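Structure file final24.pdb; described as PDB, C-alpha atoms.
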```
ATOM      1  CA  MET E   1      82.878 108.500 124.315  1.00  0.00           C
ATOM      2  CA  LEU E   2      84.865 108.121 121.093  1.00  0.00           C
ATOM      3  CA  TYR E   3      88.147 108.434 122.957  1.00  0.00           C
ATOM      4  CA  CYS E   4      87.109 105.792 125.493  1.00  0.00           C
ATOM      5  CA  SER E   5      86.034 103.348 122.798  1.00  0.00           C
ATOM      6  CA  LEU E   6      89.300 103.859 120.907  1.00  0.00           C
ATOM      7  CA  LYS E   7      91.414 103.382 124.038  1.00  0.00           C
ATOM      8  CA  ALA E   8      89.418 100.243 124.916  1.00  0.00           C
ATOM      9  CA  ARG E   9      89.880  98.994 121.348  1.00  0.00           C
ATOM     10  CA  CYS E  10      86.142  98.580 121.033  1.00  0.00           C
ATOM     11  CA  TRP E  11      86.105  99.317 117.320  1.00  0.00           C
ATOM     12  CA  SER E  12      82.420  98.614 116.728  1.00  0.00           C
ATOM     13  CA  LEU E  13      81.405 101.153 119.385  1.00  0.00           C
ATOM     14  CA  ALA E  14      83.872 103.696 117.990  1.00  0.00           C
ATOM     15  CA  PHE E  15      82.439 103.195 114.514  1.00  0.00           C
ATOM     16  CA  GLU E  16      78.854 103.589 115.754  1.00  0.00           C
ATOM     17  CA  TYR E  17      79.800 106.868 117.432  1.00  0.00           C
ATOM     18  CA  LEU E  18      81.594 108.094 114.295  1.00  0.00           C
ATOM     19  CA  ARG E  19      78.664 107.087 112.104  1.00  0.00           C
ATOM     20  CA  TRP E  20      76.278 109.010 114.369  1.00  0.00           C
ATOM     21  CA  PHE E  21      78.596 112.027 114.436  1.00  0.00           C
ATOM     22  CA  HIS E  22      79.064 111.945 110.649  1.00  0.00           C
ATOM     23  CA  SER E  23      75.330 111.784 109.934  1.00  0.00           C
ATOM     24  CA  LEU E  24      74.699 114.575 112.453  1.00  0.00           C
ATOM     25  CA  SER E  25      77.393 116.722 110.822  1.00  0.00           C
ATOM     26  CA  VAL E  26      76.145 116.045 107.282  1.00  0.00           C
ATOM     27  CA  ASN E  27      72.609 117.044 108.232  1.00  0.00           C
ATOM     28  CA  ASN E  28      73.709 120.203 110.058  1.00  0.00           C
ATOM     29  CA  HIS E  29      76.659 121.287 107.910  1.00  0.00           C
ATOM     30  CA  PRO E  30      74.902 124.429 106.535  1.00  0.00           C
ATOM     31  CA  LEU E  31      75.006 125.783 110.097  1.00  0.00           C
ATOM     32  CA  LEU E  32      78.787 125.438 110.327  1.00  0.00           C
ATOM     33  CA  LEU E  33      81.352 127.918 109.056  1.00  0.00           C
ATOM     34  CA  PRO E  34      83.209 126.584 105.979  1.00  0.00           C
ATOM     35  CA  THR E  35      86.574 126.353 107.757  1.00  0.00           C
ATOM     36  CA  ASN E  36      85.043 124.620 110.772  1.00  0.00           C
ATOM     37  CA  ARG E  37      83.129 122.238 108.507  1.00  0.00           C
ATOM     38  CA  ASP E  38      86.241 121.200 106.584  1.00  0.00           C
ATOM     39  CA  LEU E  39      88.196 120.650 109.785  1.00  0.00           C
ATOM     40  CA  LEU E  40      85.335 118.682 111.353  1.00  0.00           C
ATOM     41  CA  PHE E  41      84.943 116.367 108.355  1.00  0.00           C
ATOM     42  CA  THR E  42      88.716 115.874 108.146  1.00  0.00           C
ATOM     43  CA  ARG E  43      88.776 114.772 111.771  1.00  0.00           C
ATOM     44  CA  ILE E  44      85.783 112.471 111.320  1.00  0.00           C
ATOM     45  CA  PHE E  45      87.276 110.827 108.223  1.00  0.00           C
ATOM     46  CA  ASN E  46      90.697 110.428 109.861  1.00  0.00           C
ATOM     47  CA  ALA E  47      89.068 108.754 112.856  1.00  0.00           C
ATOM     48  CA  MET E  48      87.033 106.489 110.551  1.00  0.00           C
ATOM     49  CA  ASN E  49      90.166 105.477 108.693  1.00  0.00           C
ATOM     50  CA  PHE E  50      91.880 104.721 112.016  1.00  0.00           C
ATOM     51  CA  VAL E  51      89.009 102.450 113.051  1.00  0.00           C
ATOM     52  CA  PHE E  52      88.974 100.734 109.649  1.00  0.00           C
ATOM     53  CA  CYS E  53      92.704 100.025 109.846  1.00  0.00           C
ATOM     54  CA  HIS E  54      92.204  98.204 113.139  1.00  0.00           C
ATOM     55  CA  SER E  55      88.995  96.377 112.388  1.00  0.00           C
ATOM     56  CA  GLN E  56      87.567  95.231 109.088  1.00  0.00           C
ATOM     57  CA  ASN E  57      83.836  94.768 109.009  1.00  0.00           C
ATOM     58  CA  VAL E  58      81.510  94.606 106.024  1.00  0.00           C
ATOM     59  CA  SER E  59      79.101  97.044 107.665  1.00  0.00           C
ATOM     60  CA  TYR E  60      81.823  99.719 107.787  1.00  0.00           C
ATOM     61  CA  HIS E  61      82.434  99.465 104.072  1.00  0.00           C
ATOM     62  CA  ARG E  62      78.703  99.455 103.336  1.00  0.00           C
ATOM     63  CA  TYR E  63      78.286 102.651 105.336  1.00  0.00           C
ATOM     64  CA  VAL E  64      81.106 104.340 103.440  1.00  0.00           C
ATOM     65  CA  MET E  65      79.605 103.250 100.112  1.00  0.00           C
ATOM     66  CA  ARG E  66      76.166 104.603 101.104  1.00  0.00           C
ATOM     67  CA  ALA E  67      77.707 107.884 102.261  1.00  0.00           C
ATOM     68  CA  LEU E  68      79.669 108.065  99.016  1.00  0.00           C
ATOM     69  CA  SER E  69      76.515 107.577  96.948  1.00  0.00           C
ATOM     70  CA  ARG E  70      74.911 110.507  98.797  1.00  0.00           C
ATOM     71  CA  SER E  71      77.883 112.815  98.312  1.00  0.00           C
ATOM     72  CA  ARG E  72      79.481 112.024  94.954  1.00  0.00           C
ATOM     73  CA  GLY E  73      83.010 113.247  94.448  1.00  0.00           C
ATOM     74  CA  ASN E  74      83.913 113.345  98.143  1.00  0.00           C
ATOM     75  CA  VAL E  75      87.656 112.752  97.989  1.00  0.00           C
ATOM     76  CA  ALA E  76      87.984 111.673 101.619  1.00  0.00           C
ATOM     77  CA  LEU E  77      85.239 109.045 101.348  1.00  0.00           C
ATOM     78  CA  GLN E  78      86.707 107.762  98.087  1.00  0.00           C
ATOM     79  CA  MET E  79      90.112 107.441  99.760  1.00  0.00           C
ATOM     80  CA  ILE E  80      88.577 105.596 102.712  1.00  0.00           C
ATOM     81  CA  SER E  81      86.737 103.273 100.329  1.00  0.00           C
ATOM     82  CA  GLY E  82      89.969 102.656  98.420  1.00  0.00           C
ATOM     83  CA  ASN E  83      91.885 102.011 101.638  1.00  0.00           C
ATOM     84  CA  ASN E  84      89.243  99.535 102.820  1.00  0.00           C
ATOM     85  CA  SER E  85      89.424  97.725  99.505  1.00  0.00           C
ATOM     86  CA  LEU E  86      93.222  97.688  99.580  1.00  0.00           C
ATOM     87  CA  ILE E  87      93.257  96.249 103.099  1.00  0.00           C
ATOM     88  CA  THR E  88      90.761  93.521 102.208  1.00  0.00           C
ATOM     89  CA  GLY E  89      92.557  92.572  98.974  1.00  0.00           C
ATOM     90  CA  ALA E  90      89.995  93.976  96.515  1.00  0.00           C
ATOM     91  CA  TYR E  91      92.759  95.678  94.545  1.00  0.00           C
ATOM     92  CA  ARG E  92      90.750  96.482  91.421  1.00  0.00           C
ATOM     93  CA  HIS E  93      88.083  98.306  93.410  1.00  0.00           C
ATOM     94  CA  ALA E  94      90.789 100.169  95.328  1.00  0.00           C
ATOM     95  CA  LEU E  95      92.456 101.127  92.054  1.00  0.00           C
ATOM     96  CA  GLY E  96      89.171 102.458  90.680  1.00  0.00           C
ATOM     97  CA  GLU E  97      88.595 104.605  93.766  1.00  0.00           C
ATOM     98  CA  TYR E  98      92.161 105.919  93.785  1.00  0.00           C
ATOM     99  CA  LEU E  99      92.036 106.759  90.064  1.00  0.00           C
ATOM    100  CA  ARG E 100      88.806 108.723  90.586  1.00  0.00           C
ATOM    101  CA  VAL E 101      90.539 110.680  93.342  1.00  0.00           C
ATOM    102  CA  TRP E 102      93.621 111.171  91.152  1.00  0.00           C
ATOM    103  CA  LYS E 103      91.473 112.742  88.424  1.00  0.00           C
ATOM    104  CA  GLN E 104      90.348 115.353  90.959  1.00  0.00           C
ATOM    105  CA  VAL E 105      93.719 115.961  92.644  1.00  0.00           C
ATOM    106  CA  PRO E 106      96.518 114.757  90.312  1.00  0.00           C
ATOM    107  CA  GLU E 107      99.246 116.564  92.259  1.00  0.00           C
ATOM    108  CA  ASN E 108      98.584 114.732  95.540  1.00  0.00           C
ATOM    109  CA  PRO E 109     101.649 112.573  96.319  1.00  0.00           C
ATOM    110  CA  LEU E 110      99.722 110.231  98.641  1.00  0.00           C
ATOM    111  CA  VAL E 111      97.245 109.355  95.897  1.00  0.00           C
ATOM    112  CA  CYS E 112     100.089 108.693  93.442  1.00  0.00           C
ATOM    113  CA  MET E 113     101.814 106.426  95.962  1.00  0.00           C
ATOM    114  CA  LEU E 114      98.616 104.482  96.669  1.00  0.00           C
ATOM    115  CA  ILE E 115      97.919 104.016  92.953  1.00  0.00           C
ATOM    116  CA  GLY E 116     101.493 102.826  92.425  1.00  0.00           C
ATOM    117  CA  LEU E 117     101.268 100.374  95.311  1.00  0.00           C
ATOM    118  CA  THR E 118      97.917  99.077  94.108  1.00  0.00           C
ATOM    119  CA  PHE E 119      99.342  98.397  90.644  1.00  0.00           C
ATOM    120  CA  VAL E 120     102.265  96.587  92.283  1.00  0.00           C
ATOM    121  CA  HIS E 121      99.911  94.533  94.472  1.00  0.00           C
ATOM    122  CA  ILE E 122      97.908  93.512  91.406  1.00  0.00           C
ATOM    123  CA  SER E 123     101.094  92.637  89.491  1.00  0.00           C
ATOM    124  CA  CYS E 124     102.181  90.317  92.321  1.00  0.00           C
ATOM    125  CA  LYS E 125      99.045  88.185  92.086  1.00  0.00           C
ATOM    126  CA  LYS E 126      99.358  84.718  90.548  1.00  0.00           C
ATOM    127  CA  ASP E 127      96.538  84.907  88.014  1.00  0.00           C
ATOM    128  CA  ILE E 128      97.735  88.025  86.161  1.00  0.00           C
ATOM    129  CA  CYS E 129      98.945  87.701  82.576  1.00  0.00           C
ATOM    130  CA  SER E 130     100.105  91.324  82.055  1.00  0.00           C
ATOM    131  CA  ARG E 131     102.270  91.381  85.165  1.00  0.00           C
ATOM    132  CA  HIS E 132     105.068  93.474  83.641  1.00  0.00           C
ATOM    133  CA  MET E 133     102.739  96.162  82.303  1.00  0.00           C
ATOM    134  CA  LEU E 134     101.080  96.531  85.705  1.00  0.00           C
ATOM    135  CA  ALA E 135     104.457  96.668  87.457  1.00  0.00           C
ATOM    136  CA  LEU E 136     105.610  99.395  85.043  1.00  0.00           C
ATOM    137  CA  ARG E 137     102.493 101.423  85.757  1.00  0.00           C
ATOM    138  CA  GLY E 138     103.159 101.015  89.462  1.00  0.00           C
ATOM    139  CA  LEU E 139     106.731 102.209  88.967  1.00  0.00           C
ATOM    140  CA  ALA E 140     105.511 105.212  86.957  1.00  0.00           C
ATOM    141  CA  PHE E 141     103.143 106.306  89.720  1.00  0.00           C
ATOM    142  CA  MET E 142     105.804 105.739  92.389  1.00  0.00           C
ATOM    143  CA  ASN E 143     108.191 107.878  90.334  1.00  0.00           C
ATOM    144  CA  ARG E 144     105.537 110.597  90.144  1.00  0.00           C
ATOM    145  CA  TYR E 145     105.070 110.298  93.919  1.00  0.00           C
ATOM    146  CA  GLN E 146     108.810 110.689  94.444  1.00  0.00           C
ATOM    147  CA  ARG E 147     108.950 113.781  92.203  1.00  0.00           C
ATOM    148  CA  LEU E 148     105.993 115.380  94.003  1.00  0.00           C
ATOM    149  CA  ARG E 149     107.226 114.516  97.495  1.00  0.00           C
ATOM    150  CA  GLY E 150     110.918 115.138  96.891  1.00  0.00           C
ATOM    151  CA  ASP E 151     113.953 113.002  97.627  1.00  0.00           C
ATOM    152  CA  ASN E 152     113.790 112.224 101.316  1.00  0.00           C
ATOM    153  CA  GLN E 153     113.863 109.315 103.724  1.00  0.00           C
ATOM    154  CA  GLU E 154     110.150 108.607 103.297  1.00  0.00           C
ATOM    155  CA  THR E 155     110.270 108.280  99.515  1.00  0.00           C
ATOM    156  CA  TYR E 156     113.420 106.154  99.599  1.00  0.00           C
ATOM    157  CA  TYR E 157     111.866 103.800 102.134  1.00  0.00           C
ATOM    158  CA  ASN E 158     108.612 103.494 100.171  1.00  0.00           C
ATOM    159  CA  ALA E 159     110.506 102.803  96.935  1.00  0.00           C
ATOM    160  CA  GLY E 160     112.633 100.198  98.713  1.00  0.00           C
ATOM    161  CA  ARG E 161     109.546  98.579 100.183  1.00  0.00           C
ATOM    162  CA  MET E 162     107.907  98.445  96.751  1.00  0.00           C
ATOM    163  CA  PHE E 163     110.945  96.747  95.175  1.00  0.00           C
ATOM    164  CA  HIS E 164     111.146  94.410  98.158  1.00  0.00           C
ATOM    165  CA  GLN E 165     107.536  93.370  97.580  1.00  0.00           C
ATOM    166  CA  MET E 166     108.266  92.712  93.897  1.00  0.00           C
ATOM    167  CA  ASN E 167     111.325  90.669  94.986  1.00  0.00           C
ATOM    168  CA  ILE E 168     113.748  92.942  93.134  1.00  0.00           C
ATOM    169  CA  LEU E 169     116.146  92.790  96.044  1.00  0.00           C
ATOM    170  CA  PRO E 170     119.181  94.681  94.646  1.00  0.00           C
ATOM    171  CA  LEU E 171     117.047  97.768  94.028  1.00  0.00           C
ATOM    172  CA  ALA E 172     115.303  97.326  97.377  1.00  0.00           C
ATOM    173  CA  ILE E 173     118.670  97.241  99.148  1.00  0.00           C
ATOM    174  CA  HIS E 174     119.817 100.306  97.195  1.00  0.00           C
ATOM    175  CA  PHE E 175     116.806 102.362  98.300  1.00  0.00           C
ATOM    176  CA  TYR E 176     116.958 101.093 101.885  1.00  0.00           C
ATOM    177  CA  GLU E 177     120.629 102.130 102.043  1.00  0.00           C
ATOM    178  CA  MET E 178     119.765 105.561 100.635  1.00  0.00           C
ATOM    179  CA  CYS E 179     117.101 105.850 103.334  1.00  0.00           C
ATOM    180  CA  LEU E 180     119.640 105.011 106.037  1.00  0.00           C
ATOM    181  CA  GLU E 181     122.181 107.472 104.617  1.00  0.00           C
ATOM    182  CA  VAL E 182     119.640 110.281 104.776  1.00  0.00           C
ATOM    183  CA  SER E 183     118.801 109.265 108.339  1.00  0.00           C
ATOM    184  CA  ALA E 184     122.459 109.189 109.386  1.00  0.00           C
ATOM    185  CA  SER E 185     123.200 112.577 107.825  1.00  0.00           C
ATOM    186  CA  PHE E 186     120.119 114.023 109.525  1.00  0.00           C
ATOM    187  CA  TRP E 187     121.226 112.857 112.982  1.00  0.00           C
ATOM    188  CA  ASN E 188     124.866 113.832 112.365  1.00  0.00           C
ATOM    189  CA  TYR E 189     123.728 117.338 111.441  1.00  0.00           C
ATOM    190  CA  PHE E 190     121.854 117.760 114.716  1.00  0.00           C
ATOM    191  CA  ALA E 191     124.576 116.096 116.783  1.00  0.00           C
ATOM    192  CA  GLY E 192     127.132 118.564 115.391  1.00  0.00           C
ATOM    193  CA  ASN E 193     124.994 121.621 116.189  1.00  0.00           C
ATOM    194  CA  ASN E 194     124.540 120.854 119.904  1.00  0.00           C
TER     195      ASN E 194
END
```

As structure tokens:
Amino acid sequence: MLYCSLKARCWSLAFEYLRWFHSLSVNNHPLLLPTNRDLLFTRIFNAMNFVFCHSQNVSYHRYVMRALSRSRGNVALQMISGNNSLITGAYRHALGEYLRVWKQVPENPLVCMLIGLTFVHISCKKDICSRHMLALRGLAFMNRYQRLRGDNQETYYNAGRMFHQMNILPLAIHFYEMCLEVSASFWNYFAGNN
């Protein structure tokens, strides 16, 4: 049923199914093995995030907030709440959620990237007086993300995209070119081995 609703792009039906499945799993989780439970909740939260990326509805966010109040400290629900807030433009709420997650898992590169991007989004708003301080914090978290993730095409692209958003075009071009160089060397390596 979930698959059919996702393929039909009927996001409200997909969310209702996921909400039912999540509440059923929460109520019966003592019956599950720990590894099965973790995998099940990961799949449910990934599917919820997929639905939320395609359809924004206030009821979705309310459900996540209610579920989060019942299970404090749930990293996945906090990330989903932060992602919803980031998508809808509530950057301060997103930043609060991401910082709570970062306190629990400071070595997670995705969390560092999302915090950095949220700071950059806030710094690009018109009504901000401490724009430079926020941009520097965003750069610091993006640097941390790059150190944790390593120098690769993904990190170069994300850094270039961040500088592009801040309209620092020379640095954006630099990182985009580094991204393309890594891509070209990757394909040349495989072309030479065949």

Which residues are near region 125-129 of chain E? Cut-off 12 Å, all atoms listed in the file, ignore same chain within fewer than 2 positions. Put them as a ChimeraX atom specification.
/E:89-92,118-123,131-135,165-166

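Residues in contact with region 2-16 of chain E at 8 Å, where all atoms listed in the file are counted and same-chain residues fewer than 2 positions away are skipped, are listed as Leu18, Arg19, Trp20, Met48, Val51, His54, Ser55 and Tyr60 of chain E.
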
Expand the PyMOL selection byres ((chain E and resi 116) around 8) into the explicit residue set it covers here, and present it as a PyMOL selection string.
chain E and resi 112-115+117-120+137-142

Go ahead and save the picked residues with C-alpha atoms, as a PDB file, in the frame of the given file.
```pdb
ATOM      1  CA  CYS E 112     100.089 108.693  93.442  1.00  0.00           C
ATOM      2  CA  MET E 113     101.814 106.426  95.962  1.00  0.00           C
ATOM      3  CA  LEU E 114      98.616 104.482  96.669  1.00  0.00           C
ATOM      4  CA  ILE E 115      97.919 104.016  92.953  1.00  0.00           C
ATOM      5  CA  LEU E 117     101.268 100.374  95.311  1.00  0.00           C
ATOM      6  CA  THR E 118      97.917  99.077  94.108  1.00  0.00           C
ATOM      7  CA  PHE E 119      99.342  98.397  90.644  1.00  0.00           C
ATOM      8  CA  VAL E 120     102.265  96.587  92.283  1.00  0.00           C
ATOM      9  CA  ARG E 137     102.493 101.423  85.757  1.00  0.00           C
ATOM     10  CA  GLY E 138     103.159 101.015  89.462  1.00  0.00           C
ATOM     11  CA  LEU E 139     106.731 102.209  88.967  1.00  0.00           C
ATOM     12  CA  ALA E 140     105.511 105.212  86.957  1.00  0.00           C
ATOM     13  CA  PHE E 141     103.143 106.306  89.720  1.00  0.00           C
ATOM     14  CA  MET E 142     105.804 105.739  92.389  1.00  0.00           C
TER      15      MET E 142
END
```

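Across the model, the gap from CA of Gly82 (chain E) to CA of Tyr98 (chain E) is 6.1 Å.
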
Result set, the PyMOL selection byres ((chain E and resi 172) around 8) on current file, as a CSV table (one decimal) with C-alpha atoms, in the coordinates of the input:
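part35.csv, freshly written:
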```
chain,number,residue,atom,x,y,z
E,159,ALA,CA,110.5,102.8,96.9
E,160,GLY,CA,112.6,100.2,98.7
E,161,ARG,CA,109.5,98.6,100.2
E,162,MET,CA,107.9,98.4,96.8
E,163,PHE,CA,110.9,96.7,95.2
E,164,HIS,CA,111.1,94.4,98.2
E,168,ILE,CA,113.7,92.9,93.1
E,169,LEU,CA,116.1,92.8,96.0
E,170,PRO,CA,119.2,94.7,94.6
E,171,LEU,CA,117.0,97.8,94.0
E,173,ILE,CA,118.7,97.2,99.1
E,174,HIS,CA,119.8,100.3,97.2
E,175,PHE,CA,116.8,102.4,98.3
E,176,TYR,CA,117.0,101.1,101.9
```

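Considering all atoms listed in the file, the residue among E:Ser71, E:Met65, E:Asn46, E:Gln56 positioned nearest to Val26 (chain E) is E:Ser71.
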
Residues returned when the PyMOL selection byres ((chain E and resi 101) around 12) runs on this file, as number ranges by chain
E: 72-82, 94-100, 102-112, 114-115

From CA of Arg147 (chain E) to CA of Asn49 (chain E) the spacing works out at 26.3 Å

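Minimum atom-to-atom distances from E:Arg70, E:Ala47, E:Ser130, E:Gln146 to Asn27 (chain E) were compared using only C-alpha atoms, and the lowest value belongs to E:Arg70.
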
Six-sided padding of 6 Å per side, axis-aligned box over region 166-182 of chain E, centre and edges in Å, one decimal, as lines of an AutoDock Vina configuration file:
```
center_x = 115.2
center_y = 100.5
center_z = 99.6
size_x = 25.9
size_y = 31.6
size_z = 24.9
```

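Closest to Glu177 (chain E) among E:Asn28, E:Ser59, E:Ser69, E:Gln153 is E:Gln153, based on all atoms listed in the file.
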
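Going from CA of Phe45 (chain E) to CA of Tyr145 (chain E) covers 22.8 Å.
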